[in-house]
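Participant: Here it is: the structure, laid out below.
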Amino acid sequence: MIPSYQKLTESVHKEGAKIAVQLRHCGRETEPKYTGGKDVVAPSRIPCPSCQTMLHEMTAEEVYEMVAAFGDAALRGKKAGFDVVELHASHGYLIAQFLSGHANKRTDEFGGSLHNRMRFLRLVLQDIREKAGEDYPIIVRISGAEMITGGREIQETKAVCQMCEKEGAAAIHVSISTYGSLAYCIGSTYLAPGYETEAASQIKKAVDIPVITVGRYTDAEIAETVVRDGSADMVAFGRQSIADLNFPNKVLAGKQDEIIPCISCGQGYIMHIFDDAPISCVVNPFNSTEEKYIANKAETSKYVIVAGGGPGGLQAAWILAARGHKVDLIEKEGYFWGAFLPASYPLSKSPIAKMIGYYILEKE
């Protein structure tokens, strides 16, 4: 793994950026087809509310072996050139399962009291620091609240984050939910932009290290407000970065009108993940491969008429024009985008209007 990842990290460093590797073990939140025939393991034999997979309850020896595996993985990340390691202790994955009273019913040193439930994460942090060095930054990503009956709530999470700070974590990355509350894991348009920020704000009051927030951030103005009012120190962008990888650069250059908007649909991202298909984007199907489509310049410029100003027509007209053709786009109605325009009218579907506006402006 190390040589191939070195190519990635070297490319990122050449552009003057930093890059982190995220370590995640799914625990109970997976299916046997992904484990290569091995047992699906968890702290206790409590099935994932979503996956419902039969589980192997880890022995104490296996837990300690897993601690060492996390430390070894972090060291490989450092050798591969990653600047930071992030532990995914959020969304109900293995580390989160040890922390949760919903998933952890153990009665040994890794279960019962919050102190014992934190032991696995505490040992992982210590093992990483021992193997990768005190100067190798560790970010801990954690759900502020699991949003599931019997799950971890914000008060317990604040105590967990204080423990992480004591064990040398460099920052806390806060989201919410588990697979048992999946609607809050990847926010749709029915959830407000920044809907997870309150959890981050609560944790920021409990620790002195930087706090990162996330959750349906698609507008730079909202992200900046969160940092300015002290709710968090940083804002993470997920799907917006898939829609437009140049989002930060466009904001810095004052080119907000050129930002390809994320409409929080999940169709090209989440639905493809569950189908084992490559990640894509409904708004930007090119996904940073625009040059491949427009680099083939026409030897002879032709006059082309595109009939229909829907999504396909606008895209076709843009590609043809970019390749050097003279294009006229003809639409019989008095507006572009066909059925997509009325699709933006239902409650909580207004981001579609942002998408239409971008396309009309950008493809003119």
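If you're wondering about the labels, chains in the structure tokens are A, B, ... by order shown, residues count from 1 in each chain, ligands from 1 in order shown.
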Name the residues of range 186-326 of chain A that come out as strand (DSSP E or B) in a backbone DSSP run; write them as a list in words.
Facilitator: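 So, restricting range 186-326 of chain A to strand (DSSP E or B), we get Val211, Ile212, Thr213, Met234, Val235, Tyr303, Val304, Ile305, Val306, Ala307 and Lys326 of chain A.
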Participant: As a PyMOL selection string, list the residues of range 230-348 of chain A assigned to alpha helix (DSSP H) by DSSP on the backbone atoms of this structure.
Facilitator: chain A and resi 239-243+247-252+270-274+290-294+311-322+340-343
Participant: Would you write out those residues with C-alpha atoms, as a PDB file, in the first residue's frame?
Facilitator:
ATOM      1  CA  ARG A 239     -20.428  16.292  -1.197  1.00  0.00           C
ATOM      2  CA  GLN A 240     -19.820  19.930  -2.122  1.00  0.00           C
ATOM      3  CA  SER A 241     -16.210  18.935  -2.821  1.00  0.00           C
ATOM      4  CA  ILE A 242     -17.451  16.191  -5.143  1.00  0.00           C
ATOM      5  CA  ALA A 243     -19.654  18.652  -7.020  1.00  0.00           C
ATOM      6  CA  PHE A 247     -14.875  25.318  -4.268  1.00  0.00           C
ATOM      7  CA  PRO A 248     -12.301  26.872  -1.853  1.00  0.00           C
ATOM      8  CA  ASN A 249     -10.297  28.488  -4.658  1.00  0.00           C
ATOM      9  CA  LYS A 250     -13.424  30.001  -6.216  1.00  0.00           C
ATOM     10  CA  VAL A 251     -14.484  31.417  -2.855  1.00  0.00           C
ATOM     11  CA  LEU A 252     -11.044  32.944  -2.280  1.00  0.00           C
ATOM     12  CA  ILE A 270     -24.560   7.387  -1.485  1.00  0.00           C
ATOM     13  CA  MET A 271     -26.701   5.353  -3.855  1.00  0.00           C
ATOM     14  CA  HIS A 272     -23.620   4.469  -5.890  1.00  0.00           C
ATOM     15  CA  ILE A 273     -21.671   3.444  -2.802  1.00  0.00           C
ATOM     16  CA  PHE A 274     -24.348   0.917  -1.889  1.00  0.00           C
ATOM     17  CA  GLU A 290     -14.094  18.190 -17.808  1.00  0.00           C
ATOM     18  CA  GLU A 291     -10.885  18.434 -19.793  1.00  0.00           C
ATOM     19  CA  LYS A 292     -11.395  14.949 -21.195  1.00  0.00           C
ATOM     20  CA  TYR A 293     -14.669  16.056 -22.739  1.00  0.00           C
ATOM     21  CA  ILE A 294     -13.593  19.396 -24.162  1.00  0.00           C
ATOM     22  CA  PRO A 311     -30.048  19.253 -18.639  1.00  0.00           C
ATOM     23  CA  GLY A 312     -28.859  17.172 -21.593  1.00  0.00           C
ATOM     24  CA  GLY A 313     -29.325  19.980 -24.077  1.00  0.00           C
ATOM     25  CA  LEU A 314     -27.452  22.520 -21.968  1.00  0.00           C
ATOM     26  CA  GLN A 315     -24.575  20.128 -21.392  1.00  0.00           C
ATOM     27  CA  ALA A 316     -24.374  19.186 -25.082  1.00  0.00           C
ATOM     28  CA  ALA A 317     -24.400  22.835 -26.148  1.00  0.00           C
ATOM     29  CA  TRP A 318     -21.627  23.675 -23.664  1.00  0.00           C
ATOM     30  CA  ILE A 319     -19.380  20.779 -24.756  1.00  0.00           C
ATOM     31  CA  LEU A 320     -19.882  21.529 -28.451  1.00  0.00           C
ATOM     32  CA  ALA A 321     -19.098  25.215 -27.952  1.00  0.00           C
ATOM     33  CA  ALA A 322     -16.039  24.393 -25.842  1.00  0.00           C
ATOM     34  CA  PHE A 340     -36.377  20.276 -13.327  1.00  0.00           C
ATOM     35  CA  LEU A 341     -37.831  23.735 -12.794  1.00  0.00           C
ATOM     36  CA  PRO A 342     -41.143  22.592 -11.237  1.00  0.00           C
ATOM     37  CA  ALA A 343     -39.107  19.988  -9.335  1.00  0.00           C
TER      38      ALA A 343
END
Participant: Please identify all polymer residues within 12 Å of Glu196 in chain A, counting only C-alpha atoms, omitting same-chain residues fewer than 4 positions from it, and present them as an MDAnalysis selection string.
Facilitator: chainID A and resid 142:147 154 173:177 184:187 191:192 200:203 212:217 226 231:232 235:236
Participant: What does the distance from CA of Met54 in chain A to CA of Ile95 in chain A come to in Å, to one decimal?
Facilitator: 18.6 Å
Participant: Of the candidates A:Gly81, A:Pro193, A:Gly310, A:Gly36, which shows the shortest atom-to-atom distance to Glu10 in chain A, using only C-alpha atoms?
Facilitator: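 Among A:Gly81, A:Pro193, A:Gly310, A:Gly36, it is A:Gly81 that comes nearest to Glu10 in chain A.
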Participant: Find the residues around Lys166 in chain A up to 10 Å (only C-alpha atoms counted), leave out those fewer than 5 positions away in its own chain, and share them as a list in words.
Facilitator: Arg122, Val160, Cys161 and Val207 of chain A
